[in-house]
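S.K.: The following block contains the structure, expressed as structure tokens.
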Amino acid sequence: MATINENYLKLKAGYLFPEIARRVAAFTEANPEAPIIKLGIGDVTEPLPQACLEAMSKAISEMGDRATFKGYGPEQGYGWLREKIAAQDFQARNCDIDASEIFVSDGAKCDTGNILDIFGKDNRIAVTDPVYPVYVDTNVMAGHTGPANDDGKYEGLVYMPISADNNFTAEIPSDKVDLVYLCFPNNPTGATATQEHLKAWVDYAREHQAIILFDAAYEAFITDESLPHSIYEIEGAKDCAIEFRSFSKNAGFTGTRCAYTVVPKSLTATTSSGETVQLHQLWNRRQSTKFNGVSYIVQRGAEAVYSDAGQAQIKALVGFYLENAKIICDRLSKAGLTVYGGVNAPYVWVKTPNGLSSWEFFDKLLQTANVVGTPGSGFGAAGEGYFRISAFNSRANVEEAMTRVTENFKV
Ligand code: MLT
């Protein structure tokens with residue numbers, strides 16, 4: 001009989017979002033009339049920017065004509081998209097990133113998980129607590145951890161607590177780790193990182209020959225000009241960081257699927273015998289073997305993000321969600337709740353009122369206000385007592401949800 005990858009059996013019951021969906025489905029089955037508003041998973045609701053739509057429509061027509069039809073594209077993404085990404089997302093911000101260092105993909109979630117293919121099994125891996133669960137679960141699947149202990153932490157991982165006490169930015173470890181996951185603007189807390197904070201990480205990584213896995217999926221939500229959008233804005237980061245970006249949240253591509261990962265050519269790690277190897281070369285090999293690229297149509301849609309019209313449209317889209325976040329923060333604060341984030345990020349991190357646990361607050365909110373959020377404890381033990389509210393929804397739904405929540409939970 002075939003055997004399985006037993007690491008999967010170490011995983012806690014379910015991935016957070018399917019577990020939420022299960023509870024919501026059970027509630028809806030029992031209460032079919034309940035007017036549920038979902039502010040749980042960070043999934044966009046507003047339609048695609050017009051510039052992307054037009055570019056994709058044109059690309060569809062090209063696919064219907066023998067003269068312009070496209071088969072397999074380059075596994076790394078089309079040159080015209082990689083060039084625009086390098087020029088506008090990086091070189092325009094004085095980051096020395098070349099188009100050949102960009103790998104276009106179908107999602108930052110997939111890439112943050114898949115990147116583990118090119119790393120060894122004996123690395124010391126650090127994550128924040130709370131954290132985007134994909135970083136943890138993919139390490140469990142890859143066999144980089146022991147079993148989970150009673151408070152849900154996996155043996156072998158280094159957890160770096162983040163809370164209001166440290167502005168939701170982790171302290172630099174005093175000992176050595178090899179891989180560090182950072183996410184700014186942060187999912188789930190909505191916190192941001194200053195230049196100084198990222199510089200401290202880059203200095204640490206260079207000193208300890210560690211690699212930073214920097215998830216910048218929410219960088220478009222940064223409105224504070226003093227905050228860095230990319231880790232490569234920090235000198236030396238090209239020698240120690242991989243960056244993940246996405247079109248999901250800035251251009252509404254959650255259902256369209258396009259993202260990219262930057263693996264600088266200067267980035268290296270070693271074999272067990274101490275030989276130095278370029279990570280770019282390994283990731284290129286991995287992608288050419290396991291991935292056949294993003295569809296031509298979708299890449300044309302992503303390219304349109306970089307046109308003048310596309311830039312103006314995504315700015316408006318992001319601005320719309322940021323206004324939602326502001327409404328959520330204002331309304332909850334006025335009702336006496338303590339809120340964090342939601343300023344340069346689409347997530348609001350709320351302290352649960354009346355000493356409720358994260359899941360208790362989830363259930364109460366679902367039952368009394370018919371509003372769905374995400375329990376902070378689902379992001380890690382240190383998220384207990386917090387609750388994440390996503391700003392991705394229509395204005396009417398956000399307003400209505402806040403009315404219902406504040407009516408039910410005045411403190
Ligand atoms: C979230 O709700 O945390 C996001 O949807 C995660 C994701 O983009 O995968």
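If you're wondering about the labels, chains in the structure tokens are A, B, ... by order shown, residues count from 1 in each chain, ligands from 1 in order shown.
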Could you pull out the residues sitting within 10 Å of ligand 1, using only C-alpha atoms and all ligand atoms, and write them as an NGL selection string?

M.R.: :A and (16-17 or 39-44 or 107-110 or 131-134 or 186-188 or 217-218 or 246 or 248-249 or 254 or 347 or 373-374 or 379 or 388-390 or 392)

S.K.: Could you save the residues just selected, with N, CA and C atoms, as a JSON list (two decimals), in the first residue's frame?

M.R.:
```json
[["chain", "number", "residue", "atom", "x", "y", "z"],
["A", 16, "LEU", "N", -7.52, 27.78, 8.63],
["A", 16, "LEU", "CA", -8.41, 28.74, 9.30],
["A", 16, "LEU", "C", -9.64, 29.12, 8.49],
["A", 17, "PHE", "N", -9.45, 29.48, 7.23],
["A", 17, "PHE", "CA", -10.59, 30.02, 6.48],
["A", 17, "PHE", "C", -11.64, 28.96, 6.15],
["A", 39, "LEU", "N", -16.85, 39.78, 6.66],
["A", 39, "LEU", "CA", -15.64, 40.61, 6.75],
["A", 39, "LEU", "C", -14.52, 39.73, 7.30],
["A", 40, "GLY", "N", -14.57, 38.45, 6.90],
["A", 40, "GLY", "CA", -13.61, 37.48, 7.40],
["A", 40, "GLY", "C", -12.42, 37.38, 6.47],
["A", 41, "ILE", "N", -12.44, 36.45, 5.56],
["A", 41, "ILE", "CA", -11.31, 36.28, 4.64],
["A", 41, "ILE", "C", -11.09, 37.57, 3.84],
["A", 42, "GLY", "N", -9.84, 37.89, 3.62],
["A", 42, "GLY", "CA", -9.52, 39.13, 2.90],
["A", 42, "GLY", "C", -9.71, 38.95, 1.41],
["A", 43, "ASP", "N", -10.97, 38.78, 1.00],
["A", 43, "ASP", "CA", -11.25, 38.60, -0.42],
["A", 43, "ASP", "C", -11.94, 39.85, -0.96],
["A", 44, "VAL", "N", -11.43, 40.35, -2.07],
["A", 44, "VAL", "CA", -11.95, 41.60, -2.63],
["A", 44, "VAL", "C", -13.37, 41.42, -3.16],
["A", 107, "GLY", "N", 0.08, 33.33, -7.63],
["A", 107, "GLY", "CA", -0.36, 33.75, -6.29],
["A", 107, "GLY", "C", 0.78, 33.84, -5.30],
["A", 108, "ALA", "N", 0.70, 34.82, -4.41],
["A", 108, "ALA", "CA", 1.72, 34.96, -3.38],
["A", 108, "ALA", "C", 1.58, 33.86, -2.33],
["A", 109, "LYS", "N", 0.34, 33.41, -2.11],
["A", 109, "LYS", "CA", 0.14, 32.31, -1.15],
["A", 109, "LYS", "C", 0.90, 31.07, -1.64],
["A", 110, "CYS", "N", 0.73, 30.75, -2.93],
["A", 110, "CYS", "CA", 1.42, 29.58, -3.49],
["A", 110, "CYS", "C", 2.93, 29.77, -3.38],
["A", 131, "VAL", "N", 0.39, 35.19, 12.97],
["A", 131, "VAL", "CA", 1.04, 35.13, 11.65],
["A", 131, "VAL", "C", 0.03, 34.62, 10.62],
["A", 132, "TYR", "N", 0.28, 34.95, 9.36],
["A", 132, "TYR", "CA", -0.50, 34.38, 8.24],
["A", 132, "TYR", "C", -0.26, 32.86, 8.26],
["A", 133, "PRO", "N", -1.31, 32.06, 8.43],
["A", 133, "PRO", "CA", -1.10, 30.63, 8.73],
["A", 133, "PRO", "C", -0.38, 29.83, 7.65],
["A", 134, "VAL", "N", -0.36, 30.33, 6.44],
["A", 134, "VAL", "CA", 0.29, 29.59, 5.34],
["A", 134, "VAL", "C", 1.78, 29.37, 5.62],
["A", 186, "ASN", "N", 1.09, 44.32, 7.69],
["A", 186, "ASN", "CA", 0.94, 42.99, 8.27],
["A", 186, "ASN", "C", -0.46, 42.40, 8.15],
["A", 187, "ASN", "N", -0.47, 41.15, 7.76],
["A", 187, "ASN", "CA", -1.65, 40.31, 7.90],
["A", 187, "ASN", "C", -1.33, 39.38, 9.06],
["A", 188, "PRO", "N", -2.05, 39.40, 10.16],
["A", 188, "PRO", "CA", -3.40, 39.94, 10.33],
["A", 188, "PRO", "C", -3.51, 41.28, 11.06],
["A", 217, "ALA", "N", 2.39, 41.65, 0.07],
["A", 217, "ALA", "CA", 1.14, 41.57, -0.71],
["A", 217, "ALA", "C", 0.24, 42.79, -0.50],
["A", 218, "TYR", "N", 0.43, 43.50, 0.61],
["A", 218, "TYR", "CA", -0.47, 44.63, 0.92],
["A", 218, "TYR", "C", 0.24, 45.98, 0.78],
["A", 246, "SER", "N", 1.69, 40.69, -4.99],
["A", 246, "SER", "CA", 0.46, 40.12, -5.54],
["A", 246, "SER", "C", -0.37, 41.19, -6.23],
["A", 248, "SER", "N", -3.57, 40.59, -6.24],
["A", 248, "SER", "CA", -4.89, 40.24, -5.67],
["A", 248, "SER", "C", -5.55, 41.41, -4.97],
["A", 249, "LYS", "N", -4.78, 42.11, -4.13],
["A", 249, "LYS", "CA", -5.41, 43.09, -3.26],
["A", 249, "LYS", "C", -5.36, 44.49, -3.85],
["A", 254, "THR", "N", -8.03, 38.46, -6.95],
["A", 254, "THR", "CA", -8.11, 37.21, -6.16],
["A", 254, "THR", "C", -8.69, 36.06, -6.98],
["A", 347, "TYR", "N", -6.67, 45.61, 7.01],
["A", 347, "TYR", "CA", -7.14, 44.81, 8.14],
["A", 347, "TYR", "C", -7.17, 45.63, 9.42],
["A", 373, "GLY", "N", -16.14, 37.68, 11.02],
["A", 373, "GLY", "CA", -14.77, 38.20, 11.03],
["A", 373, "GLY", "C", -13.84, 37.01, 11.18],
["A", 374, "THR", "N", -12.60, 37.25, 11.57],
["A", 374, "THR", "CA", -11.65, 36.15, 11.73],
["A", 374, "THR", "C", -11.08, 36.17, 13.15],
["A", 379, "PHE", "N", -4.69, 32.85, 14.02],
["A", 379, "PHE", "CA", -3.41, 33.26, 13.45],
["A", 379, "PHE", "C", -2.25, 32.93, 14.39],
["A", 388, "ARG", "N", -9.87, 39.81, 13.78],
["A", 388, "ARG", "CA", -9.52, 40.60, 12.59],
["A", 388, "ARG", "C", -10.76, 40.92, 11.76],
["A", 389, "ILE", "N", -10.89, 42.18, 11.40],
["A", 389, "ILE", "CA", -11.99, 42.58, 10.51],
["A", 389, "ILE", "C", -11.38, 43.09, 9.21],
["A", 390, "SER", "N", -11.86, 42.53, 8.12],
["A", 390, "SER", "CA", -11.34, 42.89, 6.81],
["A", 390, "SER", "C", -12.15, 44.04, 6.22],
["A", 392, "PHE", "N", -12.39, 44.53, 3.06],
["A", 392, "PHE", "CA", -12.76, 44.19, 1.70],
["A", 392, "PHE", "C", -14.25, 43.86, 1.63]]
```

S.K.: From a DSSP calculation on the backbone, collect every residue of stretch 151-264 of chain A in helix (DSSP H, G or I) and output the set as a list in words.

M.R.: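 Residues meeting the helix (DSSP H, G or I) criterion: Ala164, Asp165, Asn166, Gln195, Glu196, His197, Leu198, Lys199, Ala200, Trp201, Val202, Asp203, Tyr204, Ala205, Arg206, Glu207, His208, Glu219, Ala220, Phe221, Ile231, Tyr232, Glu233, Ala237, Lys238 and Asp239 of chain A.
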
S.K.: Please write the residues from the selection above to a file, keeping C-alpha atoms, as a CSV table (one decimal), in the first residue's frame.

M.R.:
```csv
chain,number,residue,atom,x,y,z
A,164,ALA,CA,0.5,46.3,21.1
A,165,ASP,CA,3.5,46.4,23.4
A,166,ASN,CA,6.0,46.1,20.6
A,195,GLN,CA,12.7,51.9,7.4
A,196,GLU,CA,14.6,51.5,10.8
A,197,HIS,CA,12.7,48.3,11.6
A,198,LEU,CA,13.4,46.7,8.3
A,199,LYS,CA,17.0,47.9,8.4
A,200,ALA,CA,17.4,46.1,11.8
A,201,TRP,CA,16.2,42.9,10.1
A,202,VAL,CA,18.4,43.3,7.1
A,203,ASP,CA,21.4,43.9,9.3
A,204,TYR,CA,20.5,40.8,11.4
A,205,ALA,CA,20.0,38.7,8.3
A,206,ARG,CA,23.4,39.7,6.8
A,207,GLU,CA,25.2,39.2,10.0
A,208,HIS,CA,23.7,35.7,10.5
A,219,GLU,CA,2.1,47.3,0.0
A,220,ALA,CA,-0.3,49.2,-2.1
A,221,PHE,CA,-2.2,50.2,1.0
A,231,ILE,CA,12.4,45.4,1.5
A,232,TYR,CA,14.8,46.3,-1.3
A,233,GLU,CA,14.5,50.0,-0.3
A,237,ALA,CA,18.4,43.6,1.3
A,238,LYS,CA,19.3,42.2,-2.2
A,239,ASP,CA,21.8,39.9,-0.4
```

S.K.: Using only C-alpha atoms, find the one residue out of A:Glu384, A:Asp150, A:Glu101, A:Asp137 that sits nearest to A:Phe362.

M.R.: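 Of all the options, A:Glu384 lies closest to A:Phe362.
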
S.K.: Write out as a ChimeraX atom specification each polymer residue whose atoms come within 12 Å of stretch 403-409 of chain A, counting only C-alpha atoms; drop sequence neighbours fewer than 2 positions from it.

M.R.: /A:35-37,39,327-338,351-354,356,361-362,364-373,389,396-401,411

S.K.: Could you write out the selected residues, including N, CA and C atoms, as a short mmCIF file (atom, residue, chain, number, x, y, z; two decimals), in the first residue's frame?

M.R.:
```cif
data_model
loop_
_atom_site.label_atom_id
_atom_site.label_comp_id
_atom_site.auth_asym_id
_atom_site.auth_seq_id
_atom_site.Cartn_x
_atom_site.Cartn_y
_atom_site.Cartn_z
N PRO A 35 -29.16 37.68 7.36
CA PRO A 35 -28.45 38.50 6.35
C PRO A 35 -26.96 38.65 6.68
N ILE A 36 -26.22 37.57 6.40
CA ILE A 36 -24.81 37.52 6.79
C ILE A 36 -23.97 38.53 6.00
N ILE A 37 -23.08 39.22 6.70
CA ILE A 37 -22.09 40.08 6.03
C ILE A 37 -20.71 39.52 6.37
N LEU A 39 -16.85 39.78 6.66
CA LEU A 39 -15.64 40.61 6.75
C LEU A 39 -14.52 39.73 7.30
N ILE A 327 -13.66 53.66 8.27
CA ILE A 327 -15.02 53.61 8.84
C ILE A 327 -15.08 52.55 9.95
N ILE A 328 -14.46 51.39 9.68
CA ILE A 328 -14.46 50.32 10.69
C ILE A 328 -13.75 50.80 11.96
N CYS A 329 -12.56 51.39 11.79
CA CYS A 329 -11.80 51.87 12.96
C CYS A 329 -12.60 52.92 13.72
N ASP A 330 -13.13 53.89 12.99
CA ASP A 330 -13.84 55.00 13.65
C ASP A 330 -15.07 54.50 14.41
N ARG A 331 -15.85 53.67 13.76
CA ARG A 331 -17.11 53.22 14.38
C ARG A 331 -16.82 52.33 15.60
N LEU A 332 -15.84 51.46 15.49
CA LEU A 332 -15.55 50.57 16.62
C LEU A 332 -14.94 51.34 17.78
N SER A 333 -14.05 52.28 17.46
CA SER A 333 -13.43 53.09 18.53
C SER A 333 -14.51 53.88 19.26
N LYS A 334 -15.42 54.46 18.48
CA LYS A 334 -16.47 55.26 19.08
C LYS A 334 -17.32 54.42 20.03
N ALA A 335 -17.48 53.14 19.70
CA ALA A 335 -18.27 52.25 20.55
C ALA A 335 -17.45 51.75 21.75
N GLY A 336 -16.20 52.20 21.84
CA GLY A 336 -15.40 51.86 23.02
C GLY A 336 -14.48 50.67 22.82
N LEU A 337 -14.43 50.12 21.61
CA LEU A 337 -13.52 48.98 21.39
C LEU A 337 -12.11 49.50 21.07
N THR A 338 -11.12 48.68 21.37
CA THR A 338 -9.74 49.06 21.07
C THR A 338 -9.35 48.46 19.74
N LYS A 351 -9.35 44.38 19.74
CA LYS A 351 -9.28 43.65 21.02
C LYS A 351 -10.69 43.17 21.31
N THR A 352 -10.87 41.91 21.60
CA THR A 352 -12.24 41.43 21.86
C THR A 352 -12.78 42.06 23.15
N PRO A 353 -14.03 42.48 23.15
CA PRO A 353 -14.57 43.15 24.35
C PRO A 353 -14.96 42.14 25.43
N ASN A 354 -15.09 42.64 26.62
CA ASN A 354 -15.63 41.89 27.77
C ASN A 354 -14.90 40.58 28.04
N LEU A 356 -13.90 38.31 26.14
CA LEU A 356 -14.28 37.14 25.32
C LEU A 356 -13.06 36.58 24.60
N PHE A 361 -16.05 35.49 20.61
CA PHE A 361 -16.47 36.73 19.96
C PHE A 361 -16.95 36.43 18.53
N PHE A 362 -16.24 35.55 17.85
CA PHE A 362 -16.64 35.14 16.49
C PHE A 362 -18.07 34.61 16.50
N LYS A 364 -20.43 34.90 18.81
CA LYS A 364 -21.42 35.90 19.24
C LYS A 364 -21.74 36.87 18.11
N LEU A 365 -20.71 37.30 17.43
CA LEU A 365 -20.89 38.26 16.34
C LEU A 365 -21.72 37.62 15.22
N LEU A 366 -21.42 36.37 14.95
CA LEU A 366 -22.17 35.66 13.91
C LEU A 366 -23.64 35.54 14.31
N GLN A 367 -23.85 35.13 15.57
CA GLN A 367 -25.22 34.87 16.00
C GLN A 367 -26.04 36.14 16.22
N THR A 368 -25.43 37.16 16.82
CA THR A 368 -26.22 38.35 17.17
C THR A 368 -26.22 39.40 16.07
N ALA A 369 -25.08 39.57 15.39
CA ALA A 369 -25.01 40.64 14.39
C ALA A 369 -24.98 40.07 12.97
N ASN A 370 -24.87 38.76 12.86
CA ASN A 370 -24.74 38.11 11.54
C ASN A 370 -23.56 38.67 10.74
N VAL A 371 -22.51 38.98 11.48
CA VAL A 371 -21.30 39.49 10.84
C VAL A 371 -20.17 38.47 11.06
N VAL A 372 -19.42 38.22 9.99
CA VAL A 372 -18.32 37.26 10.07
C VAL A 372 -16.99 38.00 10.05
N GLY A 373 -16.14 37.68 11.02
CA GLY A 373 -14.77 38.20 11.03
C GLY A 373 -13.84 37.01 11.18
N ILE A 389 -10.89 42.18 11.40
CA ILE A 389 -11.99 42.58 10.51
C ILE A 389 -11.38 43.09 9.21
N ALA A 396 -21.80 49.75 1.54
CA ALA A 396 -23.07 49.52 2.22
C ALA A 396 -22.94 48.40 3.24
N ASN A 397 -22.23 47.32 2.86
CA ASN A 397 -22.07 46.20 3.80
C ASN A 397 -21.21 46.58 5.00
N VAL A 398 -20.17 47.37 4.75
CA VAL A 398 -19.31 47.78 5.86
C VAL A 398 -20.11 48.65 6.83
N GLU A 399 -20.84 49.60 6.29
CA GLU A 399 -21.64 50.50 7.15
C GLU A 399 -22.65 49.69 7.96
N GLU A 400 -23.34 48.80 7.27
CA GLU A 400 -24.38 48.00 7.93
C GLU A 400 -23.74 47.09 8.99
N ALA A 401 -22.62 46.47 8.65
CA ALA A 401 -21.96 45.58 9.61
C ALA A 401 -21.56 46.36 10.86
N VAL A 411 -18.92 48.98 24.69
CA VAL A 411 -18.20 48.71 25.95
C VAL A 411 -18.11 49.98 26.78
#
```

S.K.: Identify which of the residues A:Gln88, A:Leu322, A:Ala59, A:Leu11 lies closest to A:Asp308, counting only C-alpha atoms when measuring atom-to-atom distances.

M.R.: A:Gln88

S.K.: Calculated over only C-alpha atoms, which of the candidates A:Ser163, A:Ser57, A:Ser100, A:Gln91 has the smallest distance to A:Val350?

M.R.: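 Comparing A:Ser163, A:Ser57, A:Ser100, A:Gln91 against A:Val350, the winner is A:Ser163.
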
S.K.: Using only C-alpha atoms, find the one residue out of A:Ile85, A:Leu9, A:Ala304, A:Ile20 that sits nearest to A:Arg245.

M.R.: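 Closest residue, counting only C-alpha atoms: A:Ile85.
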
S.K.: I need the residue nearest A:Ile60 from this list: A:Gly301, A:Gly190, A:Gly252, A:Pro228. Use only C-alpha atoms for the distance.

M.R.: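 Ranked by minimum distance to A:Ile60, first place goes to A:Gly301.
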
S.K.: List the neighbours of stretch 141-144 of chain A out to 9 Å using only C-alpha atoms; skip same-chain residues closer than 3 positions along the sequence, and give me the result as an NGL selection string.

M.R.: :A and (5-11 or 116-117 or 121-125 or 136-138 or 156-157)

S.K.: Convert the current residue selection to file output with N, CA and C atoms, as a short mmCIF file (atom, residue, chain, number, x, y, z; two decimals), in the first residue's frame.

M.R.:
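File selection_9.cif, as written:
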```cif
data_model
loop_
_atom_site.label_atom_id
_atom_site.label_comp_id
_atom_site.auth_asym_id
_atom_site.auth_seq_id
_atom_site.Cartn_x
_atom_site.Cartn_y
_atom_site.Cartn_z
N ASN A 5 2.51 11.36 3.25
CA ASN A 5 3.38 12.33 3.93
C ASN A 5 2.76 12.58 5.30
N GLU A 6 3.34 11.94 6.32
CA GLU A 6 2.70 11.98 7.65
C GLU A 6 2.77 13.35 8.31
N ASN A 7 3.56 14.23 7.72
CA ASN A 7 3.60 15.59 8.27
C ASN A 7 2.21 16.23 8.22
N TYR A 8 1.43 15.83 7.23
CA TYR A 8 0.08 16.39 7.11
C TYR A 8 -0.78 16.06 8.34
N LEU A 9 -0.48 14.95 8.98
CA LEU A 9 -1.27 14.55 10.15
C LEU A 9 -0.95 15.41 11.36
N LYS A 10 0.17 16.14 11.29
CA LYS A 10 0.51 17.04 12.40
C LYS A 10 -0.30 18.32 12.35
N LEU A 11 -0.87 18.62 11.18
CA LEU A 11 -1.58 19.90 11.02
C LEU A 11 -2.79 19.95 11.92
N LEU A 116 9.70 26.89 -0.15
CA LEU A 116 10.39 25.94 0.73
C LEU A 116 11.04 24.81 -0.06
N ASP A 117 10.59 24.59 -1.30
CA ASP A 117 11.21 23.56 -2.14
C ASP A 117 12.71 23.76 -2.29
N LYS A 121 16.17 21.02 4.99
CA LYS A 121 15.20 20.70 6.03
C LYS A 121 15.67 21.10 7.43
N ASP A 122 16.91 21.50 7.55
CA ASP A 122 17.42 21.74 8.90
C ASP A 122 17.54 23.21 9.28
N ASN A 123 16.89 24.07 8.51
CA ASN A 123 16.94 25.50 8.85
C ASN A 123 16.15 25.79 10.10
N ARG A 124 16.62 26.78 10.87
CA ARG A 124 15.81 27.30 12.00
C ARG A 124 14.91 28.37 11.42
N ILE A 125 13.62 28.22 11.64
CA ILE A 125 12.66 29.08 10.95
C ILE A 125 11.89 29.92 11.96
N VAL A 136 3.29 28.89 8.40
CA VAL A 136 3.47 27.83 9.39
C VAL A 136 3.07 26.48 8.78
N ASP A 137 1.88 26.42 8.21
CA ASP A 137 1.37 25.13 7.74
C ASP A 137 2.25 24.53 6.64
N THR A 138 2.81 25.38 5.77
CA THR A 138 3.65 24.82 4.71
C THR A 138 4.96 24.27 5.27
N GLY A 156 9.95 23.18 17.21
CA GLY A 156 10.99 23.42 16.20
C GLY A 156 10.87 24.77 15.51
N LEU A 157 9.71 25.40 15.56
CA LEU A 157 9.59 26.74 14.97
C LEU A 157 9.92 27.78 16.03
#
```

S.K.: From the options A:Thr45, A:Asn31, A:Asn292, A:Asn393, which residue's atoms come nearest to A:Gly77, counting only C-alpha atoms?

M.R.: A:Asn292

S.K.: Using only C-alpha atoms, which protein or nucleic acid residues come within 9 Å of A:Trp359? Drop anything in the same chain fewer than 4 positions from it, and give the result as a PyMOL selection string.

M.R.: chain A and resi 363-364+374-378+384-385+387

S.K.: What does the file look like for those residues with N, CA and C atoms, as a short mmCIF file (atom, residue, chain, number, x, y, z; two decimals), in the first residue's frame?

M.R.:
```cif
data_model
loop_
_atom_site.label_atom_id
_atom_site.label_comp_id
_atom_site.auth_asym_id
_atom_site.auth_seq_id
_atom_site.Cartn_x
_atom_site.Cartn_y
_atom_site.Cartn_z
N ASP A 363 -18.32 33.66 17.41
CA ASP A 363 -19.66 33.03 17.46
C ASP A 363 -20.74 34.04 17.83
N LYS A 364 -20.43 34.90 18.81
CA LYS A 364 -21.42 35.90 19.24
C LYS A 364 -21.74 36.87 18.11
N THR A 374 -12.60 37.25 11.57
CA THR A 374 -11.65 36.15 11.73
C THR A 374 -11.08 36.17 13.15
N PRO A 375 -11.21 35.06 13.88
CA PRO A 375 -10.70 35.01 15.25
C PRO A 375 -9.18 35.15 15.27
N GLY A 376 -8.69 36.05 16.10
CA GLY A 376 -7.25 36.28 16.17
C GLY A 376 -6.47 35.03 16.52
N SER A 377 -7.06 34.16 17.35
CA SER A 377 -6.33 32.97 17.77
C SER A 377 -6.07 32.03 16.59
N GLY A 378 -6.84 32.18 15.51
CA GLY A 378 -6.60 31.37 14.32
C GLY A 378 -5.27 31.71 13.66
N GLU A 384 -4.87 35.28 20.51
CA GLU A 384 -6.03 35.06 21.39
C GLU A 384 -6.44 36.38 22.02
N GLY A 385 -7.77 36.61 22.05
CA GLY A 385 -8.25 37.86 22.62
C GLY A 385 -8.32 38.99 21.59
N PHE A 387 -9.39 39.95 17.25
CA PHE A 387 -10.31 39.60 16.18
C PHE A 387 -9.94 40.44 14.96
#
```

S.K.: Stretch 151-385 of chain A: which residues are strand (DSSP E) by DSSP, as JSON, numbers by chain?

M.R.: {"A": [157, 158, 159, 160, 161, 179, 180, 181, 182, 183, 211, 212, 213, 214, 215, 241, 242, 243, 244, 245, 246, 259, 260, 261, 262, 268, 269, 270, 276, 277, 278, 339, 340, 341, 347, 348, 349, 350, 351, 371, 372, 374, 375]}

S.K.: I'd like the neighbourhood of A:Thr192 as a PDB file with C-alpha atoms, in the first residue's frame, where a residue qualifies if any of its atoms comes within 8 Å (using only C-alpha atoms), though same-chain residues fewer than 6 positions away should be ignored.

M.R.:
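Output (part-v3.pdb):
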```pdb
ATOM      1  CA  THR A 169       6.718  44.407  15.148  1.00  0.00           C
ATOM      2  CA  PHE A 184       4.300  44.279   6.022  1.00  0.00           C
ATOM      3  CA  PRO A 185       1.739  45.824   5.940  1.00  0.00           C
ATOM      4  CA  ASN A 186       0.943  42.988   8.271  1.00  0.00           C
ATOM      5  CA  LEU A 227       7.125  53.869   5.075  1.00  0.00           C
ATOM      6  CA  ASN A 344      -1.941  51.679   5.871  1.00  0.00           C
ATOM      7  CA  ALA A 345      -3.554  48.255   5.647  1.00  0.00           C
TER       8      ALA A 345
END
```

S.K.: May I ask for the distance between atom CA of A:Val277 and atom CA of A:Val263, given in Å to one decimal place?

M.R.: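 Interatomic distance, atom CA of A:Val277 to atom CA of A:Val263: 13.0 Å.
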
S.K.: What does the distance from atom CA of A:Glu323 to atom CA of A:Val305 come to in Å, to one decimal?

M.R.: 21.1 Å

S.K.: If you count only C-alpha atoms, which residues fall within 10 Å of A:His280, apart from same-chain ones fewer than 4 positions away, as a PyMOL selection string?

M.R.: chain A and resi 100-103+118+242+262-268+284-286
